[in-house]
>>> print(open('upload04.cif').read())   # mmCIF, C-alpha atoms
data_data
loop_
_atom_site.label_atom_id
_atom_site.label_comp_id
_atom_site.auth_asym_id
_atom_site.auth_seq_id
_atom_site.Cartn_x
_atom_site.Cartn_y
_atom_site.Cartn_z
CA MET I 42 -30.83 3.31 -63.77
CA ALA I 43 -27.37 4.07 -62.46
CA SER I 44 -24.81 5.02 -65.04
CA LEU I 45 -22.07 2.62 -66.07
CA LYS I 46 -19.41 4.79 -64.51
CA ALA I 47 -21.23 5.02 -61.16
CA LEU I 48 -21.62 1.24 -61.07
CA LYS I 49 -17.97 0.71 -61.82
CA ILE I 50 -16.94 3.03 -58.99
CA ARG I 51 -19.34 1.28 -56.65
CA ILE I 52 -17.91 -2.15 -57.48
CA GLY I 53 -14.41 -0.83 -56.90
CA SER I 54 -15.31 0.54 -53.49
CA VAL I 55 -17.01 -2.66 -52.36
CA LYS I 56 -13.94 -4.58 -53.52
CA SER I 57 -11.62 -2.51 -51.37
CA THR I 58 -13.97 -2.89 -48.41
CA GLN I 59 -13.81 -6.61 -48.94
CA LYS I 60 -10.03 -6.50 -48.91
CA ILE I 61 -10.06 -4.73 -45.56
CA THR I 62 -12.55 -7.11 -43.95
CA LYS I 63 -10.62 -10.07 -45.28
CA ALA I 64 -7.37 -8.75 -43.82
CA MET I 65 -9.07 -8.05 -40.48
CA LYS I 66 -10.43 -11.57 -40.41
CA MET I 67 -7.00 -13.06 -40.93
CA VAL I 68 -5.40 -10.83 -38.32
CA ALA I 69 -8.17 -11.78 -35.87
CA ALA I 70 -7.61 -15.47 -36.60
CA ALA I 71 -3.90 -15.17 -35.86
CA LYS I 72 -4.53 -13.17 -32.70
CA LEU I 73 -7.24 -15.59 -31.61
CA ARG I 74 -4.75 -18.42 -31.57
CA ARG I 75 -2.37 -16.44 -29.40
CA ALA I 76 -5.17 -15.31 -27.08
CA GLN I 77 -6.36 -18.88 -26.69
CA GLU I 78 -2.87 -20.02 -25.83
CA ALA I 79 -2.60 -17.29 -23.20
CA ALA I 80 -5.94 -18.31 -21.72
CA VAL I 81 -4.82 -21.93 -21.50
CA ALA I 82 -1.44 -20.96 -20.01
CA GLY I 83 -3.19 -19.02 -17.26
CA ARG I 84 -5.28 -21.96 -16.15
CA PRO I 85 -2.83 -23.92 -13.93
CA TYR I 86 -2.36 -20.97 -11.58
CA ALA I 87 -6.07 -20.34 -11.24
CA GLU I 88 -6.79 -24.01 -10.62
CA ARG I 89 -4.13 -24.37 -7.95
CA LEU I 90 -5.11 -21.18 -6.20
CA GLU I 91 -8.72 -22.28 -6.20
CA ARG I 92 -7.77 -25.63 -4.67
CA VAL I 93 -5.63 -24.06 -1.96
CA MET I 94 -8.33 -21.53 -1.11
CA ALA I 95 -10.96 -24.24 -0.89
CA SER I 96 -8.89 -26.33 1.50
CA LEU I 97 -8.11 -23.26 3.61
CA ALA I 98 -11.69 -22.09 3.71
CA ALA I 99 -12.81 -25.54 4.79
CA ARG I 100 -10.59 -25.28 7.86
CA ILE I 101 -11.70 -21.95 9.21
CA THR I 102 -15.12 -20.83 10.24
CA VAL I 103 -16.41 -17.64 8.71
CA SER I 104 -17.21 -15.17 11.44
CA ALA I 105 -17.42 -11.42 11.83
CA SER I 106 -13.67 -11.31 12.43
CA SER I 107 -12.89 -13.10 9.16
CA PRO I 108 -11.42 -11.07 6.32
CA LYS I 109 -14.10 -8.81 4.87
CA LEU I 110 -13.40 -10.07 1.36
CA LEU I 111 -14.61 -13.49 2.46
CA ALA I 112 -17.29 -12.66 5.00
CA GLY I 113 -18.78 -9.66 3.20
CA THR I 114 -19.84 -6.43 4.83
CA GLY I 115 -22.98 -7.99 6.21
CA LYS I 116 -25.09 -5.94 3.83
CA ASP I 117 -26.30 -6.32 0.30
CA ASP I 118 -27.31 -2.77 -0.58
CA ARG I 119 -24.63 -1.33 -2.81
CA HIS I 120 -23.43 -3.22 -5.86
CA LEU I 121 -20.46 -2.57 -8.09
CA LEU I 122 -20.62 -3.98 -11.59
CA ILE I 123 -17.20 -4.40 -13.17
CA VAL I 124 -17.72 -4.48 -16.91
CA ALA I 125 -14.79 -5.75 -18.98
CA THR I 126 -14.97 -4.85 -22.65
CA SER I 127 -12.52 -4.37 -25.50
CA GLU I 128 -10.73 -1.27 -26.70
CA ARG I 129 -11.75 -1.68 -30.30
CA GLY I 130 -15.00 -2.10 -32.11
CA LEU I 131 -15.82 -4.03 -35.29
CA ALA I 132 -16.08 -7.22 -33.33
CA GLY I 133 -19.67 -8.11 -34.06
CA ALA I 134 -21.96 -8.10 -31.05
CA PHE I 135 -19.11 -8.78 -28.62
CA ASN I 136 -19.16 -5.51 -26.71
CA SER I 137 -22.87 -4.87 -26.94
CA ASN I 138 -23.60 -8.34 -25.54
CA ILE I 139 -21.48 -7.72 -22.46
CA VAL I 140 -22.90 -4.24 -21.99
CA ARG I 141 -26.43 -5.58 -22.39
CA ALA I 142 -25.84 -8.29 -19.78
CA ALA I 143 -24.49 -5.71 -17.34
CA LYS I 144 -27.34 -3.32 -18.09
CA ARG I 145 -29.94 -5.99 -17.49
CA LYS I 146 -28.37 -6.91 -14.15
CA ALA I 147 -28.20 -3.24 -13.16
CA GLU I 148 -31.85 -2.70 -14.01
CA ALA I 149 -32.85 -5.77 -12.01
CA LEU I 150 -30.85 -4.58 -9.00
CA ILE I 151 -32.24 -1.06 -9.22
CA ALA I 152 -35.76 -2.49 -9.39
CA GLU I 153 -35.01 -4.31 -6.12
CA GLY I 154 -34.10 -0.98 -4.59
CA LYS I 155 -30.33 -1.53 -4.52
CA GLN I 156 -27.69 1.04 -5.34
CA VAL I 157 -25.65 0.27 -8.43
CA HIS I 158 -22.37 1.64 -9.70
CA PHE I 159 -20.22 0.66 -12.64
CA PHE I 160 -16.50 0.20 -13.01
CA VAL I 161 -15.62 0.01 -16.68
CA VAL I 162 -12.56 -1.76 -18.06
CA GLY I 163 -11.86 -1.00 -21.71
CA LYS I 164 -13.11 1.80 -23.89
CA LYS I 165 -16.17 0.16 -25.36
CA GLY I 166 -17.90 -0.23 -22.03
CA ARG I 167 -18.15 3.51 -21.68
CA VAL I 168 -21.37 3.46 -23.68
CA LEU I 169 -22.96 2.60 -20.33
CA LYS I 170 -22.66 6.30 -19.62
CA ARG I 171 -25.47 6.82 -22.08
CA PHE I 172 -27.87 4.66 -20.06
CA PHE I 173 -26.64 5.47 -16.56
CA PRO I 174 -24.96 8.87 -16.77
CA THR I 175 -24.46 9.28 -13.03
CA LEU I 176 -23.55 5.75 -12.05
CA ILE I 177 -20.07 5.34 -13.53
CA ALA I 178 -17.79 5.10 -10.51
CA GLY I 179 -14.59 4.79 -12.50
CA ASP I 180 -12.87 3.21 -15.44
CA HIS I 181 -9.61 1.56 -16.33
CA ASP I 182 -7.98 2.44 -19.63
CA MET I 183 -6.63 -0.51 -21.55
CA SER I 184 -5.59 1.34 -24.69
CA GLY I 185 -2.09 0.66 -25.90
CA ILE I 186 -2.02 -2.77 -24.32
CA LYS I 187 -1.34 -5.39 -26.93
CA SER I 188 -1.71 -8.50 -24.85
CA VAL I 189 -3.14 -8.58 -21.36
CA ALA I 190 -0.51 -8.98 -18.65
CA PHE I 191 -1.16 -9.95 -15.07
CA ALA I 192 -0.02 -6.50 -13.97
CA ASP I 193 -3.04 -4.97 -15.77
CA ALA I 194 -5.45 -7.22 -13.93
CA GLN I 195 -3.60 -6.49 -10.72
CA LYS I 196 -4.16 -2.76 -11.18
CA VAL I 197 -7.88 -3.25 -11.66
CA ALA I 198 -8.06 -5.59 -8.68
CA ASP I 199 -6.13 -3.19 -6.44
CA GLU I 200 -8.50 -0.40 -7.36
CA VAL I 201 -11.57 -2.55 -6.72
CA VAL I 202 -10.26 -3.86 -3.40
CA ARG I 203 -9.30 -0.34 -2.33
CA ARG I 204 -12.82 0.87 -3.02
CA TYR I 205 -14.23 -2.13 -1.18
CA GLU I 206 -12.10 -1.46 1.85
CA ALA I 207 -13.11 2.20 1.75
CA GLY I 208 -16.67 0.93 2.06
CA GLU I 209 -17.91 2.09 -1.33
CA PHE I 210 -19.86 -1.08 -2.06
CA ASP I 211 -20.94 -4.41 -0.54
CA VAL I 212 -21.04 -6.76 -3.50
CA ALA I 213 -19.06 -6.77 -6.75
CA HIS I 214 -19.99 -8.53 -9.96
CA LEU I 215 -17.71 -9.08 -12.93
CA PHE I 216 -19.05 -9.07 -16.48
CA TYR I 217 -17.14 -10.50 -19.45
CA ALA I 218 -17.65 -12.87 -22.36
CA ARG I 219 -16.75 -16.47 -21.78
CA PHE I 220 -14.98 -17.99 -24.75
CA GLN I 221 -16.59 -21.18 -25.97
CA SER I 222 -15.47 -21.30 -29.58
CA ALA I 223 -14.66 -18.88 -32.37
CA LEU I 224 -18.38 -18.83 -33.13
CA VAL I 225 -19.84 -18.77 -29.63
CA GLN I 226 -18.99 -16.29 -26.89
CA GLU I 227 -21.33 -16.17 -23.97
CA PRO I 228 -21.62 -12.99 -21.91
CA VAL I 229 -21.52 -13.90 -18.23
CA GLY I 230 -21.75 -12.04 -14.97
CA ARG I 231 -20.62 -13.46 -11.70
CA GLN I 232 -20.03 -12.31 -8.17
CA ILE I 233 -16.39 -11.84 -7.15
CA ILE I 234 -16.75 -9.97 -3.84
CA PRO I 235 -17.42 -11.37 -1.29
CA VAL I 236 -15.41 -14.33 -2.54
CA ALA I 237 -17.55 -17.39 -3.02
CA ILE I 238 -15.46 -20.48 -2.38
CA ASP I 239 -16.62 -23.90 -3.37
CA THR I 240 -15.59 -25.95 -0.37
CA SER I 241 -17.46 -29.09 -1.27
CA ALA I 242 -14.99 -30.55 -3.76
CA GLU I 243 -11.65 -30.36 -1.99
CA ALA I 244 -12.59 -30.23 1.65
CA ALA I 245 -12.35 -33.90 2.49
CA PRO I 246 -8.84 -34.89 1.31
CA ALA I 247 -7.26 -31.63 2.48
CA SER I 248 -8.49 -31.80 6.06
CA SER I 249 -7.39 -35.40 6.51
CA ALA I 250 -3.69 -34.60 6.05
CA ALA I 251 -1.93 -32.80 8.86
CA VAL I 252 -0.75 -29.67 7.11
CA GLU I 253 1.53 -27.17 8.75
CA TYR I 254 0.62 -23.53 8.19
CA GLU I 255 3.08 -20.69 8.20
CA PRO I 256 1.74 -18.23 9.39
CA ASP I 257 -1.70 -19.49 10.49
CA GLU I 258 -4.57 -20.42 8.17
CA GLU I 259 -6.38 -17.16 8.56
CA SER I 260 -3.43 -14.93 7.69
CA ILE I 261 -2.66 -17.04 4.66
CA LEU I 262 -6.25 -16.77 3.54
CA ALA I 263 -6.25 -13.02 4.12
CA ASP I 264 -3.15 -12.83 1.94
CA LEU I 265 -4.64 -14.99 -0.78
CA LEU I 266 -8.05 -13.32 -1.06
CA PRO I 267 -6.91 -10.17 -2.89
CA ARG I 268 -4.75 -12.36 -5.13
CA ASN I 269 -7.77 -14.45 -5.90
CA ILE I 270 -9.67 -11.38 -7.06
CA ALA I 271 -6.78 -10.31 -9.25
CA ILE I 272 -6.57 -13.76 -10.76
CA GLN I 273 -10.30 -13.87 -11.44
CA ILE I 274 -10.11 -10.53 -13.19
CA PHE I 275 -7.05 -11.68 -15.10
CA GLY I 276 -8.88 -14.83 -16.17
CA ALA I 277 -11.83 -12.75 -17.32
CA LEU I 278 -9.57 -10.41 -19.30
CA LEU I 279 -7.91 -13.36 -21.02
CA GLU I 280 -11.26 -14.93 -21.86
CA ASN I 281 -12.40 -11.57 -23.10
CA ALA I 282 -9.36 -11.20 -25.35
CA ALA I 283 -10.01 -14.59 -26.91
CA SER I 284 -13.73 -13.88 -27.26
CA GLU I 285 -13.06 -10.51 -28.86
CA GLN I 286 -10.84 -12.01 -31.54
CA GLY I 287 -13.25 -14.89 -32.10
CA SER I 288 -16.15 -12.52 -32.44
CA ARG I 289 -14.22 -10.24 -34.76
CA MET I 290 -13.15 -13.14 -36.91
CA THR I 291 -16.74 -14.31 -37.34
CA ALA I 292 -18.03 -10.80 -37.97
CA MET I 293 -15.36 -10.09 -40.55
CA ASP I 294 -15.92 -13.43 -42.24
CA ASN I 295 -19.59 -12.52 -42.64
CA ALA I 296 -18.68 -9.06 -43.90
CA THR I 297 -16.30 -10.53 -46.48
CA ARG I 298 -18.98 -12.88 -47.67
CA ASN I 299 -21.58 -10.13 -47.86
CA ALA I 300 -19.19 -7.95 -49.84
CA GLY I 301 -18.67 -10.87 -52.24
CA ASP I 302 -22.44 -11.20 -52.76
CA MET I 303 -22.74 -7.49 -53.33
CA ILE I 304 -19.96 -7.52 -55.91
CA ASN I 305 -21.72 -10.31 -57.79
CA ARG I 306 -25.01 -8.43 -57.78
CA LEU I 307 -23.42 -5.20 -58.90
CA THR I 308 -21.46 -6.97 -61.64
CA ILE I 309 -24.67 -8.46 -63.04
CA GLN I 310 -26.31 -5.07 -62.95
CA TYR I 311 -23.26 -3.52 -64.62
CA ASN I 312 -23.31 -6.08 -67.44
CA ARG I 313 -27.05 -5.67 -67.98
CA THR I 314 -26.70 -1.90 -68.16
CA ARG I 315 -23.81 -2.20 -70.60
CA GLN I 316 -25.84 -4.60 -72.78
CA ALA I 317 -28.82 -2.28 -72.72
CA ALA I 318 -26.65 0.65 -73.76
CA ILE I 319 -25.21 -1.33 -76.71
CA THR I 320 -28.68 -2.47 -77.81
CA THR I 321 -29.98 1.10 -77.71
CA GLU I 322 -27.01 2.29 -79.74
CA LEU I 323 -27.51 -0.46 -82.35
CA VAL I 324 -31.21 0.31 -82.66
CA GLU I 325 -30.34 3.94 -83.21
CA ILE I 326 -27.73 3.16 -85.89
CA ILE I 327 -30.01 0.69 -87.72
CA SER I 328 -33.03 2.94 -87.67
CA GLY I 329 -30.76 5.78 -88.84
CA ALA I 330 -29.49 3.66 -91.77
CA GLU I 331 -33.04 2.59 -92.70
CA ALA I 332 -34.21 6.18 -92.84
CA LEU I 333 -31.69 6.99 -95.57
CA MET H 196 13.50 -36.55 -6.13
CA LEU H 197 11.17 -33.70 -5.35
CA HIS H 198 8.58 -32.74 -7.89
CA PHE H 199 8.69 -28.97 -8.17
CA GLU H 200 6.33 -26.60 -9.96
CA LEU H 201 6.62 -22.86 -10.29
CA VAL H 202 3.46 -21.22 -11.64
CA THR H 203 2.73 -17.60 -12.46
CA PRO H 204 -0.66 -16.28 -13.58
CA GLU H 205 0.69 -16.05 -17.10
CA HIS H 206 2.21 -19.48 -17.45
CA LEU H 207 3.74 -22.56 -15.92
CA VAL H 208 7.40 -21.59 -15.49
CA ARG H 209 8.87 -24.85 -14.21
CA SER H 210 7.65 -28.37 -13.76
CA GLU H 211 10.51 -30.75 -13.05
CA ASP H 212 12.07 -33.15 -10.56
CA VAL H 213 14.81 -31.60 -8.45
CA TYR H 214 16.89 -32.42 -5.39
CA MET H 215 16.03 -29.47 -3.18
CA VAL H 216 14.41 -26.05 -3.36
CA VAL H 217 15.05 -23.26 -0.88
CA VAL H 218 11.95 -21.11 -0.54
CA PRO H 219 11.95 -17.55 0.87
CA GLY H 220 9.07 -18.02 3.30
CA SER H 221 7.51 -15.03 5.00
CA GLU H 222 8.74 -16.35 8.35
CA GLY H 223 12.17 -17.38 7.12
CA ASP H 224 13.76 -19.42 4.36
CA PHE H 225 13.12 -23.11 4.30
CA GLY H 226 14.53 -25.92 2.20
CA VAL H 227 12.22 -28.53 0.76
CA LEU H 228 13.54 -32.02 0.01
CA ALA H 229 11.61 -35.04 -1.20
CA HIS H 230 9.04 -36.41 1.30
CA HIS H 231 8.73 -33.09 3.12
CA ALA H 232 5.81 -32.85 5.52
CA PRO H 233 2.71 -31.09 4.12
CA LEU H 234 3.10 -27.34 4.50
CA MET H 235 1.49 -24.13 3.37
CA SER H 236 3.32 -20.86 3.61
CA THR H 237 3.18 -17.38 2.21
CA ILE H 238 6.41 -16.14 0.70
CA ARG H 239 8.16 -12.82 0.66
CA ASP H 240 9.80 -11.27 -2.40
CA GLY H 241 13.14 -12.94 -2.73
CA ASN H 242 15.25 -15.55 -4.42
CA LEU H 243 14.14 -19.10 -4.96
CA VAL H 244 17.18 -21.39 -4.99
CA ILE H 245 16.84 -24.60 -6.95
CA HIS H 246 19.36 -27.38 -6.38
CA ARG H 247 18.86 -29.69 -9.30
CA GLU H 248 21.41 -32.19 -7.97
CA GLU H 249 22.89 -32.74 -4.57
CA LYS H 250 26.24 -31.34 -5.65
CA GLY H 251 26.24 -28.72 -8.30
CA THR H 252 25.62 -25.06 -8.80
CA PRO H 253 22.15 -24.06 -7.71
CA GLU H 254 19.93 -21.96 -9.92
CA THR H 255 18.34 -18.78 -8.57
CA ILE H 256 14.99 -17.39 -9.67
CA ARG H 257 13.67 -14.14 -8.29
CA ILE H 258 10.01 -14.38 -7.32
CA GLU H 259 7.57 -11.81 -6.07
CA GLY H 260 4.37 -12.15 -4.15
CA GLY H 261 3.19 -15.64 -3.68
CA PHE H 262 2.53 -18.77 -1.87
CA ALA H 263 4.12 -22.19 -1.43
CA GLU H 264 2.38 -25.50 -0.91
CA VAL H 265 4.02 -28.82 -0.11
CA ASN H 266 1.89 -31.93 -0.36
CA GLU H 267 2.43 -35.59 -1.19
CA ARG H 268 2.71 -34.65 -4.88
CA GLY H 269 5.58 -32.25 -4.31
CA LEU H 270 6.18 -28.54 -4.02
CA THR H 271 4.07 -25.96 -5.82
CA ILE H 272 4.98 -22.29 -5.80
CA LEU H 273 2.40 -19.78 -6.93
CA ALA H 274 4.16 -16.50 -7.64
CA GLU H 275 2.91 -13.33 -9.18
CA ARG H 276 6.16 -12.68 -10.96
CA ALA H 277 9.15 -14.88 -11.66
CA GLU H 278 12.27 -14.07 -13.60
#
>>> encode(input="upload04.cif", output="structure tokens")
Amino acid sequence: MASLKALKIRIGSVKSTQKITKAMKMVAAAKLRRAQEAAVAGRPYAERLERVMASLAARITVSASSPKLLAGTGKDDRHLLIVATSERGLAGAFNSNIVRAAKRKAEALIAEGKQVHFFVVGKKGRVLKRFFPTLIAGDHDMSGIKSVAFADAQKVADEVVRRYEAGEFDVAHLFYARFQSALVQEPVGRQIIPVAIDTSAEAAPASSAAVEYEPDEESILADLLPRNIAIQIFGALLENAASEQGSRMTAMDNATRNAGDMINRLTIQYNRTRQAAITTELVEIISGAEAL
Amino acid sequence: MLHFELVTPEHLVRSEDVYMVVVPGSEGDFGVLAHHAPLMSTIRDGNLVIHREEKGTPETIRIEGGFAEVNERGLTILAERAE
């Protein structure tokens, strides 16, 4: 049985761990609110851009001369997986879920005989190096960034588009965790290049009105396509930020509760040990007195 | 009055009813009043001039990289940066 002193030290250490996890949970809760607000504030732009793109795409026919970002390279051999993760750990299964989703997709693509490369955003995605040591095409460092700004997403998008135009890949997928609630974050992967535009919803009302275009539809679309990629990445980064804080909050809440349980168990053990020690001492004193 | 919205990726900067907005279009500045014909235009980096009333000092906002759309609901400017 552990000594009284050892137990006491143990209880003290679990208590200080609990204090840390509790503080982290509260910080995550406060940051979660801000991240959620940022995600909501970013929505109007994305929605409007989507609508405009849909009405533009409905008016032009995709041909070989269309912008490559829309029409694709005509092949489907080389894939780039953009994996957005966080800079910090201790966020439950947040990062490993995203990495696992990306890994699964990569394995499926490789099994089909495609070439796969990764572009990692955020430090925690670099664990992919362990599974695919030769396939990391590049990464984007997000350390030191407190809240995601559009300029950060723009940098990632520029880099991705540059690589696309240099002919490094045919299809790009973006992996991140979609924020559903503080408890649920769903890792998702979706294709961002070539741009898939949903023309079904907005096509009808837009084409009925006689809209003037300045310059023509195709140049506007060509101008908007790279923006659309930046905005999709920005949206993913915002969702990711909210998911990260949500996931951390839940994980730290669990950790605080577990620490509480552990303290209770250790306290009971401590009291029992103390009682046993007193009983032994009493027995010794009494039997000593009787012997006289 | 013209309903005018200025949106950046980070937030909705303006959403209000104004008299006229002068937009720095990529093929030249153009002013948008109420009941303007539907129009889509890219914009160059420049100053957006907002006339809240017919007579009065206009307000200037610098915008970078974007796109303007006029439809029956009003004028929407999507800009990457606005100050």
>>> interface_residues(input="upload04.cif", of="chain I", to="chain H", cutoff="10 Å", atoms="all atoms listed in the file", output="number ranges by chain")
I: 78-87, 89-90, 93, 97, 189-192, 195, 247, 250-258, 260-262, 264-265, 268, 271-272, 275-276, 279
>>> residues_around(input="upload04.cif", residues="Ala229 in chain H", least_positions_apart="4", cutoff="8 Å", atoms="all atoms listed in the file", output="PyMOL selection string")
chain H and resi 196-198+214-215+269
>>> atom_distance(input="upload04.cif", atom1="CA of His230 in chain H", atom2="CA of Val244 in chain H")
18.2 Å
>>> resolve_selection(input="upload04.cif", expression="the PyMOL selection byres ((chain I and resi 165-179) around 12)", output="PyMOL selection string")
chain I and resi 119-132+134-145+147-148+151+156-164+180-184+197+200-201+204+209-210+216-217+285
>>> resolve_selection(input="upload04.cif", expression="the PyMOL selection byres ((chain H and resi 278) around 7)", output="list of chain:residue names")
H:Ile256, H:Arg257, H:Ile258, H:Arg276, H:Ala277
>>> atom_distance(input="upload04.cif", atom1="CA of Lys49 in chain I", atom2="CA of Met65 in chain I")
24.7 Å
>>> resolve_selection(input="upload04.cif", expression="the PyMOL selection byres ((chain I and resi 116) around 10)", output="list in words")
Gly113, Thr114, Gly115, Asp117, Asp118, Arg119, Phe210, Asp211 and Val212 of chain I
>>> atom_distance(input="upload04.cif", atom1="CA of Ala218 in chain I", atom2="CA of Lys72 in chain I")
16.7 Å
